[in-house]
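A.B. asks: Here it is, the structure, as structure tokens.
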Amino acid sequence: MAKKKEKVRDESWYLASQWTLMGRKLMKHRLAKLSLVMLTLLYLTAALGNFLAPSDLVAYNADTKDAPPTKVHLFHEGKFIGPFVYGLSSERNMETFLREYVEKKDEIYKLKFFVRGPVYKLWGLFRTNRHLFGVEEGGHLFFFGTDSMGRDLFSRMILGSQISLTIPFAGAFISFALGILIGSISGYLGGVVDTLIQRVIEVLSSFPSIPLWMALSAAIPPDIPVVRMYLYITVIISFLSWTNLARVVRGRFISLKKEDFVTAAKLAGLEDFMIVIKHLIPGFMSYLIVNLTLAIPGMIIGETSMSFLGLGIRSPATSWGVLLQEAQDISSIATFPWRLIPLFAVIVTVLSFNFLGDGLRDAADPYK
């Protein structure tokens with residue numbers, strides 16, 4: 001019986017499609033699996049950001065400026081009463097002249113779920129004011145502390161992920177598609193078409209990135225909403241950043257189109273488009289996957305860098321780059337270290353994409 005099961009398993013490997021084999025290999029890569037879970041959680045958080053965030057982007061409180069992360073308690077005077085927070089009182093430290101926060105043990109505010117809060121539109125469709133959690137009226141819940149205006153950093157970080165995780169993804173996809181399309185045309189057709197495309201690539205590759213961002217930021221009218229302006233800039237940059245991938249694709253096509261299997265496909269009457277899709281592109285799928293998984297974190301870092309320099313998203317709209325831009329003062333970080341928490345979100349996201357790309361590369365490699 002065991003031998004029969006082993007034989008069926010072996011046959012399933014031989015009869016499986018390329019994508020099925022890739023999936024099976026990927027599931028054996030532990031870091032890639034962990035990264036896939038992390039990215040799934042991050043994108044689910046971004047998709048449900050308004051529901052998960054207890055506050056919104058415009059809510060601020062001058063009485064809770066630069067408040068540290070709130071401690072959630074379960075026991076009061078040795079008695080279990082469920083998750084709650086104490087009241088906050090602030091006083092001025094006459095030595096450092098900084099505001100210090102102290103818990104008021106006589107005030108208890110219980111943590112509640114599915115509470116009413118600021119009104120929002122979930123996915124731009126459903127108008128509601130339900131939030132996953134909150135505290136009773138009069139209490140304050142700041143998981144990651146507050147900024148210099150008393151805004152909840154946890155809420156801003158979750159809502160900022162909607163921009164930092166989505167717009168760069170769209171930009172990377174546009175650049176990826178253009179690189180494959182134009183590179184395949186150049187390498188497969190050759191001749192005058194190849195020469196013309198290569199000259200265009202050389203011109204586009206000569207544009208420096210940061211001055212180009214600065215010029216685009218200045219050229220776009222100021223009355224356009226901040227998020228839409230950044231989307232426009234990202235799309236334009238995507239139309240200019242496909243050149244490196246296109247060159248690699250062209251080189252691979254030049255080498256692969258001379259192989260016997262391509263000649264056999266032509267003799268069989270297969271159209272050029274189907275030869276490219278079915279035979280040439282799968283021949284170096286591992287490189288394309290790695291390129292895409294590296295391009296996405298590259299775009300995320302690009303958004304973070306531009307917002308940090310003040311050329312991308314600007315407050316009151318928020319992204320991880322905006323949050324880090326607000327925390328660029330070293331003395332501020334030394335006093336309020338929780339403002340660096342968004343940096344760890346960027347690090348986790350970039351590492352997850354890199355590890356996932358490593359696993360996908362190994363899974364797509366037919367020699368492994």
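Just so we're on the same page: first chain in the structure tokens is A, next is B, and so on; residues restart at 1 for each chain, and ligands are numbered from 1 in the order they show up.
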Please return, as an NGL selection string, all residues of region 28-188 of chain A that DSSP assigns to strand (DSSP E or B) on the basis of the backbone.
C.D. replies: :A and (73-76 or 79-92 or 99-122 or 126-135 or 146 or 152)
A.B. asks: Any chance you could list, as a PyMOL selection string, the residues in region 77-224 of chain A that come up alpha helix (DSSP H) when DSSP is run on the backbone?
C.D. replies: chain A and resi 153-164+167-189+191-205+209-219
A.B. asks: For Ala59 (chain A), please output as a VMD selection string all residues within 12 Å (counting only C-alpha atoms; exclusion window: fewer than 5 positions along the same chain).
C.D. replies: chain A and resid 53 to 54 64 117 to 119 146 to 147 149 to 153 155 to 156 316
A.B. asks: List as a PyMOL selection string the protein and nucleic acid residues near region 28-34 of chain A, meaning an atom at most 8 Å away when only C-alpha atoms are counted, but skip any in the same chain fewer than 3 places from it.
C.D. replies: chain A and resi 24-25+37-38+352+355-360
A.B. asks: The selected residues should be written to file as a PDB file, in the first residue's frame (atoms: C-alpha atoms).
C.D. replies:
```
ATOM      1  CA  ARG A  24       5.494  22.640  -4.375  1.00  0.00           C
ATOM      2  CA  LYS A  25       9.097  23.831  -4.302  1.00  0.00           C
ATOM      3  CA  VAL A  37       2.451  35.000   5.485  1.00  0.00           C
ATOM      4  CA  MET A  38       3.935  38.340   6.595  1.00  0.00           C
ATOM      5  CA  SER A 352       9.753  39.773   3.243  1.00  0.00           C
ATOM      6  CA  PHE A 355      13.047  36.366   1.008  1.00  0.00           C
ATOM      7  CA  LEU A 356       9.936  35.600  -1.034  1.00  0.00           C
ATOM      8  CA  GLY A 357      11.851  36.473  -4.210  1.00  0.00           C
ATOM      9  CA  ASP A 358      14.665  34.156  -3.134  1.00  0.00           C
ATOM     10  CA  GLY A 359      12.200  31.300  -2.629  1.00  0.00           C
ATOM     11  CA  LEU A 360      10.430  31.981  -5.933  1.00  0.00           C
TER      12      LEU A 360
END
```
A.B. asks: Could you state the separation of CA of His76 (chain A) and CA of Tyr109 (chain A) in Å, given to one decimal place?
C.D. replies: 11.5 Å
A.B. asks: Would you mind reading off the distance between CA of Ala170 (chain A) and CA of Thr195 (chain A), one decimal, in Å?
C.D. replies: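 CA of Thr195 (chain A) lies at a distance of 29.3 Å from CA of Ala170 (chain A).
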A.B. asks: Rank A:Ser186, A:Ile275, A:Ile174, A:Ser332 by their smallest atom-to-atom distance to Leu98 (chain A), using only C-alpha atoms, and report the top residue only.
C.D. replies: A:Ser332
